[in-house]
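*Asks:* Contents of final.csv (CSV, C-alpha atoms) are given next:
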chain,number,residue,atom,x,y,z
A,11,MET,CA,-17.0,-41.8,-13.5
A,12,THR,CA,-18.3,-39.2,-16.0
A,13,THR,CA,-17.8,-35.5,-15.6
A,14,THR,CA,-21.0,-33.4,-15.9
A,15,GLY,CA,-21.1,-30.3,-18.2
A,16,ALA,CA,-21.3,-28.0,-15.2
A,17,SER,CA,-18.3,-29.5,-13.4
A,18,ALA,CA,-16.2,-29.6,-16.6
A,19,THR,CA,-17.0,-25.9,-17.0
A,20,SER,CA,-15.9,-25.3,-13.4
A,21,VAL,CA,-12.6,-27.1,-13.9
A,22,ARG,CA,-11.9,-25.2,-17.1
A,23,GLN,CA,-12.7,-21.9,-15.4
A,24,ARG,CA,-10.3,-22.8,-12.6
A,25,ASN,CA,-7.6,-23.8,-15.0
A,26,LEU,CA,-8.0,-20.6,-17.1
A,27,ALA,CA,-7.8,-18.6,-13.9
A,28,ARG,CA,-4.7,-20.6,-12.8
A,29,VAL,CA,-2.8,-19.9,-16.0
A,30,LEU,CA,-3.8,-16.2,-16.3
A,31,THR,CA,-3.0,-15.6,-12.6
A,32,LEU,CA,0.4,-17.3,-12.9
A,33,LEU,CA,1.3,-15.1,-15.9
A,34,HIS,CA,0.0,-12.0,-14.1
A,35,LEU,CA,1.9,-12.5,-10.9
A,36,ASP,CA,5.1,-14.1,-12.2
A,37,GLY,CA,5.5,-12.8,-15.8
A,38,PRO,CA,6.0,-14.4,-19.2
A,39,ARG,CA,6.3,-18.2,-19.4
A,40,SER,CA,6.8,-20.6,-22.2
A,41,ARG,CA,4.1,-23.2,-22.8
A,42,ALA,CA,6.6,-25.8,-21.5
A,43,ALA,CA,7.1,-23.8,-18.3
A,44,LEU,CA,3.3,-23.5,-17.8
A,45,THR,CA,3.0,-27.2,-18.3
A,46,GLU,CA,5.6,-27.9,-15.7
A,47,GLU,CA,4.4,-25.3,-13.1
A,48,THR,CA,0.7,-26.2,-13.3
A,49,GLY,CA,1.0,-30.0,-13.7
A,50,LEU,CA,-1.4,-29.9,-16.6
A,51,ASN,CA,-0.6,-31.7,-19.9
A,52,ARG,CA,0.7,-30.0,-23.0
A,53,SER,CA,-2.5,-30.2,-25.0
A,54,THR,CA,-4.5,-28.8,-22.1
A,55,ILE,CA,-2.1,-25.9,-21.8
A,56,GLY,CA,-2.3,-25.3,-25.5
A,57,ASP,CA,-6.1,-25.2,-25.4
A,58,LEU,CA,-6.1,-22.8,-22.3
A,59,VAL,CA,-3.6,-20.5,-23.9
A,60,GLY,CA,-5.6,-20.5,-27.1
A,61,GLU,CA,-8.8,-19.6,-25.3
A,62,LEU,CA,-7.0,-16.8,-23.2
A,63,ALA,CA,-5.6,-15.4,-26.5
A,64,ALA,CA,-9.0,-15.5,-28.1
A,65,LEU,CA,-10.3,-13.5,-25.2
A,66,GLY,CA,-7.6,-10.9,-25.7
A,67,LEU,CA,-5.9,-11.6,-22.4
A,68,VAL,CA,-2.6,-13.1,-23.5
A,69,GLU,CA,-0.4,-13.2,-26.5
A,70,GLU,CA,2.2,-15.7,-27.8
A,71,ARG,CA,5.5,-14.4,-28.9
A,72,ALA,CA,8.4,-16.1,-30.6
A,73,PRO,CA,11.2,-17.1,-28.1
A,74,ASP,CA,14.8,-16.0,-28.4
A,75,ALA,CA,16.1,-19.0,-30.3
A,76,ALA,CA,19.7,-18.0,-29.5
A,77,ARG,CA,19.1,-18.7,-25.8
A,78,ARG,CA,18.5,-22.4,-25.9
A,79,ALA,CA,19.1,-25.5,-28.1
A,80,GLY,CA,16.4,-27.5,-29.8
A,81,ARG,CA,12.9,-26.2,-30.7
A,82,PRO,CA,12.0,-23.5,-28.2
A,83,SER,CA,8.4,-23.2,-26.9
A,84,PRO,CA,6.5,-20.0,-27.7
A,85,VAL,CA,6.5,-17.4,-24.8
A,86,VAL,CA,3.1,-16.5,-23.4
A,87,VAL,CA,2.6,-13.0,-22.0
A,88,THR,CA,-0.3,-11.1,-20.7
A,89,SER,CA,-1.9,-8.7,-23.3
A,90,GLY,CA,-1.7,-5.0,-22.9
A,91,SER,CA,-5.2,-4.5,-24.2
A,92,ALA,CA,-7.1,-5.2,-21.0
A,93,VAL,CA,-6.7,-2.4,-18.4
A,94,ALA,CA,-8.0,-1.5,-15.0
A,95,ILE,CA,-8.6,2.1,-14.0
A,96,ALA,CA,-7.0,2.9,-10.6
A,97,ALA,CA,-8.1,6.0,-8.7
A,98,HIS,CA,-6.7,7.6,-5.5
A,99,PRO,CA,-8.5,10.6,-4.2
A,100,GLU,CA,-6.7,12.6,-1.5
A,101,ILE,CA,-7.3,16.0,0.1
A,102,ASP,CA,-5.1,17.8,-2.5
A,103,ALA,CA,-5.7,15.8,-5.7
A,104,LEU,CA,-7.2,12.9,-7.5
A,105,THR,CA,-4.7,10.6,-9.2
A,106,LEU,CA,-5.9,8.2,-11.9
A,107,ALA,CA,-4.0,5.6,-13.9
A,108,ALA,CA,-4.8,2.9,-16.5
A,109,VAL,CA,-2.9,-0.2,-15.5
A,110,THR,CA,-2.4,-3.4,-17.7
A,111,LEU,CA,-2.2,-7.0,-16.5
A,112,ASP,CA,1.6,-6.7,-16.5
A,113,ARG,CA,1.4,-3.6,-14.3
A,114,SER,CA,2.4,-1.2,-17.1
A,115,VAL,CA,0.8,2.2,-16.6
A,116,VAL,CA,-0.4,3.3,-20.0
A,117,ALA,CA,-2.2,6.5,-18.9
A,118,ARG,CA,-1.9,8.7,-15.8
A,119,VAL,CA,-3.1,12.0,-14.6
A,120,ARG,CA,-3.1,14.0,-11.4
A,121,ILE,CA,-6.0,16.4,-11.0
A,122,PRO,CA,-5.4,18.9,-8.2
A,123,TRP,CA,-8.3,20.5,-6.3
A,124,ARG,CA,-8.5,23.3,-3.8
A,125,ASP,CA,-10.8,21.7,-1.3
A,126,ALA,CA,-11.7,18.1,-0.6
A,127,PRO,CA,-14.5,17.2,-3.0
A,128,SER,CA,-17.8,15.4,-2.1
A,129,PRO,CA,-18.0,11.7,-3.0
A,130,GLU,CA,-20.3,12.6,-5.8
A,131,VAL,CA,-17.9,15.2,-7.3
A,132,ALA,CA,-15.0,12.6,-7.0
A,133,ALA,CA,-17.1,10.0,-8.8
A,134,ALA,CA,-18.0,12.4,-11.5
A,135,ALA,CA,-14.3,13.3,-12.0
A,136,ILE,CA,-13.3,9.7,-12.3
A,137,ALA,CA,-16.1,9.0,-14.8
A,138,ASP,CA,-15.2,12.1,-16.8
A,139,ARG,CA,-11.5,11.2,-17.2
A,140,ILE,CA,-12.4,7.6,-18.2
A,141,ALA,CA,-14.7,9.0,-20.9
A,142,GLN,CA,-11.8,11.2,-22.2
A,143,TRP,CA,-9.4,8.3,-22.2
A,144,ARG,CA,-11.9,6.0,-24.0
A,145,ALA,CA,-12.0,8.6,-26.8
A,146,GLY,CA,-8.2,9.0,-26.8
A,147,ALA,CA,-5.4,7.1,-25.0
A,148,LEU,CA,-7.5,4.0,-24.3
A,149,ALA,CA,-9.4,3.8,-27.6
A,150,ASN,CA,-7.8,0.5,-28.4
A,151,HIS,CA,-8.0,-1.0,-24.9
A,152,ARG,CA,-10.8,-2.8,-23.0
A,153,ILE,CA,-11.5,-1.4,-19.5
A,154,VAL,CA,-12.4,-4.2,-17.2
A,155,GLY,CA,-13.2,-2.2,-14.1
A,156,VAL,CA,-12.3,0.5,-11.6
A,157,GLY,CA,-10.4,0.2,-8.3
A,158,VAL,CA,-10.5,3.1,-5.9
A,159,ALA,CA,-8.0,3.5,-3.1
A,160,VAL,CA,-9.4,5.7,-0.3
A,161,PRO,CA,-7.6,7.1,2.7
A,162,GLY,CA,-10.2,6.0,5.2
A,163,LEU,CA,-12.3,3.2,6.5
A,164,VAL,CA,-14.0,1.2,3.7
A,165,ARG,CA,-16.6,-1.5,4.2
A,166,THR,CA,-15.3,-4.1,1.9
A,167,SER,CA,-18.6,-5.9,1.4
A,168,ASP,CA,-20.2,-3.0,-0.5
A,169,GLY,CA,-17.5,-0.3,-1.0
A,170,VAL,CA,-19.1,2.2,1.4
A,171,VAL,CA,-16.6,4.6,2.8
A,172,ARG,CA,-17.5,4.6,6.5
A,173,ASP,CA,-15.2,7.4,7.5
A,174,ALA,CA,-12.5,9.3,5.5
A,175,PRO,CA,-11.9,12.1,8.0
A,176,HIS,CA,-9.5,14.2,5.9
A,177,LEU,CA,-11.8,14.1,2.9
A,178,ARG,CA,-14.8,14.6,5.3
A,179,TRP,CA,-16.6,11.6,3.8
A,180,ARG,CA,-18.9,9.6,6.0
A,181,ASP,CA,-21.0,6.6,5.0
A,182,ALA,CA,-20.5,7.4,1.4
A,183,PRO,CA,-21.6,4.7,-1.1
A,184,LEU,CA,-18.5,5.4,-3.3
A,185,ALA,CA,-18.5,2.1,-5.2
A,186,ALA,CA,-22.1,2.6,-6.3
A,187,LEU,CA,-21.5,6.2,-7.2
A,188,VAL,CA,-18.5,5.4,-9.4
A,189,GLN,CA,-20.1,2.4,-11.0
A,190,SER,CA,-23.2,4.5,-11.8
A,191,ALA,CA,-21.2,7.4,-13.2
A,192,ALA,CA,-18.6,5.4,-15.1
A,193,GLY,CA,-20.7,2.4,-16.1
A,194,LEU,CA,-18.0,0.0,-14.9
A,195,PRO,CA,-17.7,-2.6,-12.1
A,196,THR,CA,-16.1,-0.8,-9.2
A,197,THR,CA,-14.2,-2.0,-6.1
A,198,VAL,CA,-13.3,0.4,-3.3
A,199,GLY,CA,-10.7,-0.3,-0.6
A,200,ASN,CA,-8.5,1.4,2.0
A,201,ASP,CA,-5.5,2.9,0.2
A,202,ALA,CA,-2.8,1.5,2.6
A,203,SER,CA,-4.3,-2.0,2.5
A,204,LEU,CA,-4.2,-1.9,-1.3
A,205,GLY,CA,-0.7,-0.6,-1.1
A,206,ALA,CA,0.2,-3.5,1.2
A,207,ARG,CA,-1.3,-6.0,-1.3
A,208,ALA,CA,0.8,-4.5,-4.1
A,209,GLU,CA,4.0,-4.6,-2.2
A,210,HIS,CA,3.3,-8.1,-1.0
A,211,LEU,CA,2.6,-9.4,-4.5
A,212,PHE,CA,5.1,-7.4,-6.6
A,213,GLY,CA,7.3,-5.3,-4.4
A,214,ALA,CA,9.4,-5.1,-1.3
A,215,ALA,CA,7.4,-7.8,0.6
A,216,ARG,CA,7.3,-10.3,-2.2
A,217,GLY,CA,8.0,-13.8,-0.9
A,218,HIS,CA,7.2,-12.9,2.7
A,219,ALA,CA,4.1,-14.3,4.4
A,220,ASP,CA,4.0,-12.0,7.5
A,221,VAL,CA,4.1,-8.3,6.6
A,222,ILE,CA,3.3,-5.0,8.2
A,223,TYR,CA,2.9,-2.1,5.7
A,224,LEU,CA,2.6,1.6,6.7
A,225,ASN,CA,1.9,4.3,4.2
A,226,GLY,CA,2.1,8.0,4.8
A,227,GLY,CA,0.3,10.5,2.5
A,228,ALA,CA,-1.4,13.8,2.5
A,229,SER,CA,-4.4,12.3,4.3
A,230,GLY,CA,-2.4,10.8,7.1
A,231,ILE,CA,-1.0,7.3,7.9
A,232,GLY,CA,-2.7,4.0,7.1
A,233,GLY,CA,-1.5,0.5,7.0
A,234,GLY,CA,-2.1,-3.1,6.1
A,235,VAL,CA,-1.3,-6.5,7.7
A,236,ILE,CA,-0.6,-9.7,5.9
A,237,ALA,CA,-0.5,-12.8,8.2
A,238,HIS,CA,0.5,-16.3,6.8
A,239,GLY,CA,0.1,-14.8,3.3
A,240,THR,CA,-3.4,-13.5,3.8
A,241,MET,CA,-4.5,-9.9,4.1
A,242,LEU,CA,-6.2,-9.2,7.5
A,243,GLY,CA,-9.4,-7.3,6.9
A,244,GLY,CA,-11.1,-7.5,10.3
A,245,ALA,CA,-14.8,-7.9,10.9
A,246,GLY,CA,-15.8,-5.0,8.6
A,247,GLY,CA,-12.6,-4.6,6.5
A,248,TYR,CA,-11.2,-1.8,8.7
A,249,ALA,CA,-8.0,-3.5,10.0
A,250,GLY,CA,-4.7,-1.7,9.7
A,251,GLU,CA,-5.5,1.8,10.9
A,252,PHE,CA,-2.1,2.3,12.6
A,253,GLY,CA,-2.3,6.1,12.1
A,254,GLN,CA,-5.2,6.3,14.6
A,255,ASN,CA,-3.3,4.6,17.4
A,256,ARG,CA,-2.2,6.8,20.3
A,257,PRO,CA,1.6,6.8,20.2
A,258,GLY,CA,3.9,6.1,23.1
A,259,ILE,CA,6.1,9.2,23.6
A,260,GLU,CA,8.8,8.7,26.2
A,261,ASP,CA,10.0,12.3,26.2
A,262,ALA,CA,7.2,14.8,26.9
A,263,SER,CA,9.1,17.5,24.9
A,264,ASP,CA,8.5,15.4,21.8
A,265,ARG,CA,4.8,15.8,21.9
A,266,ARG,CA,3.2,18.3,19.6
A,267,ALA,CA,-0.5,17.3,19.7
A,268,PRO,CA,-1.7,16.6,23.3
A,269,GLY,CA,-4.1,13.7,23.1
A,270,GLY,CA,-3.3,13.2,19.4
A,271,VAL,CA,-2.9,10.0,17.4
A,272,LEU,CA,0.2,8.9,15.5
A,273,GLU,CA,-0.6,10.8,12.4
A,274,ASP,CA,-1.0,14.0,14.4
A,275,GLU,CA,2.6,13.6,15.6
A,276,VAL,CA,4.2,12.0,12.5
A,277,GLY,CA,3.2,13.9,9.4
A,278,ARG,CA,4.4,15.2,6.1
A,279,ALA,CA,3.1,18.7,6.6
A,280,ARG,CA,5.2,19.1,9.8
A,281,LEU,CA,8.3,17.9,8.0
A,282,LEU,CA,7.7,20.2,5.0
A,283,ALA,CA,7.1,23.1,7.4
A,284,ALA,CA,10.3,22.5,9.2
A,285,LEU,CA,12.1,22.4,5.8
A,286,GLY,CA,10.5,25.6,4.8
A,287,GLY,CA,8.3,24.0,2.1
A,288,SER,CA,4.6,24.1,1.4
A,289,ALA,CA,2.2,21.6,2.9
A,290,THR,CA,1.0,20.9,-0.7
A,291,ASP,CA,4.4,19.7,-2.0
A,292,ALA,CA,3.7,16.2,-3.0
A,293,ASP,CA,7.1,14.8,-4.1
A,294,ASP,CA,8.2,12.3,-1.5
A,295,HIS,CA,11.4,11.7,-3.4
A,296,ALA,CA,12.4,15.4,-3.0
A,297,LEU,CA,11.3,15.2,0.6
A,298,ALA,CA,13.7,12.2,1.1
A,299,ARG,CA,16.6,14.1,-0.4
A,300,ALA,CA,15.9,17.1,1.7
A,301,LEU,CA,15.7,15.1,4.9
A,302,GLN,CA,19.0,13.4,4.1
A,303,THR,CA,20.9,16.5,3.2
A,304,THR,CA,19.4,19.2,5.4
A,305,SER,CA,21.8,21.0,7.8
A,306,ALA,CA,19.0,23.2,9.3
A,307,PRO,CA,18.7,22.6,13.0
A,308,THR,CA,15.0,22.9,13.0
A,309,ALA,CA,14.5,20.5,10.2
A,310,ARG,CA,16.9,18.0,11.6
A,311,ALA,CA,15.2,18.2,15.0
A,312,GLU,CA,11.8,17.6,13.5
A,313,ARG,CA,13.1,14.7,11.4
A,314,ASP,CA,14.7,13.0,14.5
A,315,ARG,CA,11.6,13.7,16.7
A,316,GLN,CA,9.3,12.0,14.2
A,317,ARG,CA,11.7,9.0,13.8
A,318,ARG,CA,11.7,8.5,17.5
A,319,ILE,CA,7.9,8.4,17.7
A,320,LEU,CA,7.7,6.2,14.6
A,321,SER,CA,10.2,3.7,15.9
A,322,THR,CA,8.1,3.2,19.1
A,323,ALA,CA,4.9,2.8,17.1
A,324,LEU,CA,6.6,0.2,14.9
A,325,ALA,CA,8.0,-1.7,17.8
A,326,ASN,CA,4.6,-2.0,19.3
A,327,ALA,CA,3.3,-3.3,16.0
A,328,VAL,CA,6.2,-5.8,15.8
A,329,ASN,CA,5.4,-7.1,19.3
A,330,VAL,CA,1.8,-7.7,18.5
A,331,LEU,CA,2.2,-9.2,15.0
A,332,ASN,CA,5.7,-10.6,14.7
A,333,PRO,CA,6.3,-9.8,11.0
A,334,SER,CA,9.3,-10.8,9.1
A,335,VAL,CA,9.3,-7.5,7.2
A,336,VAL,CA,7.9,-4.0,7.7
A,337,VAL,CA,7.5,-1.9,4.6
A,338,LEU,CA,7.2,1.9,4.7
A,339,GLY,CA,5.8,3.9,1.9
A,340,GLY,CA,5.1,7.5,1.1
A,341,PHE,CA,6.5,10.2,3.3
A,342,LEU,CA,7.3,7.5,5.9
A,343,ALA,CA,9.8,6.0,3.4
A,344,ALA,CA,11.3,9.5,3.0
A,345,LEU,CA,11.5,9.8,6.8
A,346,ALA,CA,13.1,6.3,7.1
A,347,SER,CA,15.5,6.6,4.2
A,348,SER,CA,17.6,9.3,6.0
A,349,ASP,CA,19.0,6.4,8.2
A,350,LEU,CA,17.2,3.1,7.6
A,351,PRO,CA,19.7,1.1,9.7
A,352,GLY,CA,19.3,3.5,12.5
A,353,LEU,CA,15.5,3.3,12.4
A,354,THR,CA,15.7,-0.5,12.3
A,355,ALA,CA,18.0,-0.5,15.3
A,356,ALA,CA,15.6,1.8,17.2
A,357,VAL,CA,12.7,-0.5,16.5
A,358,ARG,CA,14.6,-3.6,17.5
A,359,GLY,CA,15.8,-1.8,20.7
A,360,GLN,CA,12.2,-1.3,21.8
A,361,ALA,CA,10.6,-4.6,20.6
A,362,MET,CA,10.8,-7.9,22.4
A,363,PRO,CA,13.9,-9.6,21.1
A,364,ALA,CA,12.2,-12.8,20.0
A,365,CYS,CA,9.6,-10.8,18.0
A,366,ALA,CA,12.2,-8.8,16.2
A,367,GLU,CA,14.9,-11.3,15.7
A,368,SER,CA,14.1,-11.9,12.0
A,369,LEU,CA,12.8,-8.4,11.4
A,370,ASP,CA,13.7,-6.6,8.2
A,371,LEU,CA,12.7,-2.9,7.7
A,372,ARG,CA,12.3,-2.0,4.0
A,373,LEU,CA,11.2,0.9,1.8
A,374,ALA,CA,8.3,0.4,-0.6
A,375,SER,CA,9.8,-0.6,-3.9
A,376,LEU,CA,6.9,0.3,-6.2
A,377,ALA,CA,7.3,4.0,-5.5
A,378,ASP,CA,4.5,6.2,-6.6
A,379,ASP,CA,2.7,3.3,-8.3
A,380,ARG,CA,2.1,1.2,-5.2
A,381,LEU,CA,-1.4,2.4,-4.4
A,382,LEU,CA,-2.4,2.5,-8.0
A,383,ILE,CA,-1.2,-1.0,-8.6
A,384,GLY,CA,-3.0,-2.1,-5.5
A,385,ALA,CA,-6.2,-0.5,-6.7
A,386,ALA,CA,-5.8,-2.0,-10.1
A,387,GLU,CA,-5.3,-5.4,-8.6
A,388,ALA,CA,-8.6,-5.1,-6.8
A,389,ALA,CA,-10.3,-4.2,-10.1
A,390,PHE,CA,-8.6,-7.2,-11.9
A,391,GLU,CA,-9.7,-9.7,-9.2
A,392,PRO,CA,-13.0,-10.8,-10.8
A,393,LEU,CA,-11.3,-11.2,-14.2
A,394,LEU,CA,-8.5,-13.2,-12.8
A,395,ALA,CA,-11.0,-15.5,-11.0
A,396,ASP,CA,-13.1,-16.0,-14.2
A,397,PRO,CA,-11.2,-15.0,-17.3
A,398,ALA,CA,-14.0,-16.2,-19.6
A,399,SER,CA,-16.1,-13.3,-18.2
A,400,ALA,CA,-14.0,-11.0,-20.5
A,401,GLY,CA,-15.6,-12.5,-23.5
Would you put the structure from the file into structure tokens?
*Replies:*
Amino acid sequence: MTTTGASATSVRQRNLARVLTLLHLDGPRSRAALTEETGLNRSTIGDLVGELAALGLVEERAPDAARRAGRPSPVVVTSGSAVAIAAHPEIDALTLAAVTLDRSVVARVRIPWRDAPSPEVAAAAIADRIAQWRAGALANHRIVGVGVAVPGLVRTSDGVVRDAPHLRWRDAPLAALVQSAAGLPTTVGNDASLGARAEHLFGAARGHADVIYLNGGASGIGGGVIAHGTMLGGAGGYAGEFGQNRPGIEDASDRRAPGGVLEDEVGRARLLAALGGSATDADDHALARALQTTSAPTARAERDRQRRILSTALANAVNVLNPSVVVLGGFLAALASSDLPGLTAAVRGQAMPACAESLDLRLASLADDRLLIGAAEAAFEPLLADPASAG
């Protein structure tokens, strides 16, 4: 049987994608390890690595000869020359970063603003910063695309922001706006879903197939669900909006927003106000320390109130989805970190025992990079699927 030119090209594309994705997800590998893990022969791996190197996507480095006997195989690593631009607009600021294939952040900026901008203003701000970086910090890099993490409902098919209530965006064609302004392929997704993807691939949920992720930020609470290793998007890509669920509140005295949703009751601004801080204070690490050490009765009472409501919301999610791990990011991680075992016990106590018997509650491990890494991952997806497109 002969292989046609088209099918041979398709096989080579899949093999290039396979090798680059392996290096991207799992880190540096020797040629010998790539041969073993892919099942391809040595000469094929050599050709694929050579092509990826010619495309500027990988580099070969001399191994540490002291670590093994015999003739060691060169180590293949992803190159730092290809970067994705990750953007995260929120009500108080726009955060941008340039992320390499090995998840190194080579440039970062946080641009505060007084009022939530229009989608057009946000797109222009992203394009302007990219232009500055191209002339400076990224002059020797190749930008492959832009990923934008938005706190709202995003239609994944075309990157239209259907509703980002805190930003006051509705039916905004953000992907098209950024792509037009920046001249780069652009992918837009829900910020918490992108954070879930990052934590699943590289962080606290790595190695788990069934995951719930909740992120708390200045724009509220969002989430993502991974079932059997696959991100659940829903019919339009809107799945995971845990913050818009109406919470079960057992003690009426705990309610602060009659008729409100979870993010109306559990919020960073309420915690900061109880601690005597400003609603614009953005450091979740400082918030975690303050919640752990405060002796102020008002702050302790607000912390404990929010933990009670959050535990019920998590128990409901555990009953529905039966995850092996729940990951909390942003201010929710700060809220949980004051007593993670206690919060875990509270969730278990309200969930069905069978649904929670293998449950592990964890804090997001990628810290402030989680949403940016998730957005960059979305921007890298076309390149990982077809590395030759970088040529």
*Asks:* Using all atoms listed in the file for the distances, tell me which of A:Arg165, A:Arg139, A:Arg278, A:Arg315 is nearest to Val188 in chain A.
*Replies:*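 Of A:Arg165, A:Arg139, A:Arg278, A:Arg315, the one nearest Val188 in chain A is A:Arg139, counting all atoms listed in the file.
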*Asks:* Find the residues near Leu106 in chain A: any atom within 8 Å, counting only C-alpha atoms, skip ones fewer than 3 places away on the same chain, and give them as a list in words.
*Replies:*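 Using only C-alpha atoms, the neighbours found are Ile95, Ala96, Ala97, His98, Arg118, Val119, Arg120, Ile136 and Leu382 of chain A.
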*Asks:* Excluding Asp274 in chain A and residues on its chain fewer than 6 positions from it, collect all residues at most 10 Å away from it, counting all atoms listed in the file, and give them as a list in words.
*Replies:* Gly230, Ile231, Gly253, Gln254, Arg256, Pro257, Arg265, Arg266, Ala267, Pro268 and Arg280 of chain A
*Asks:* What is the CA of Asp294 in chain A-CA of Ala344 in chain A distance in Å, reported with one decimal?
*Replies:* 6.1 Å
*Asks:* For Gly60 in chain A, find every residue with an atom within 10 Å (counting only C-alpha atoms), except residues of its own chain fewer than 6 positions away, and show them as an NGL selection string.
*Replies:* :A and (54 or 66 or 68-70)
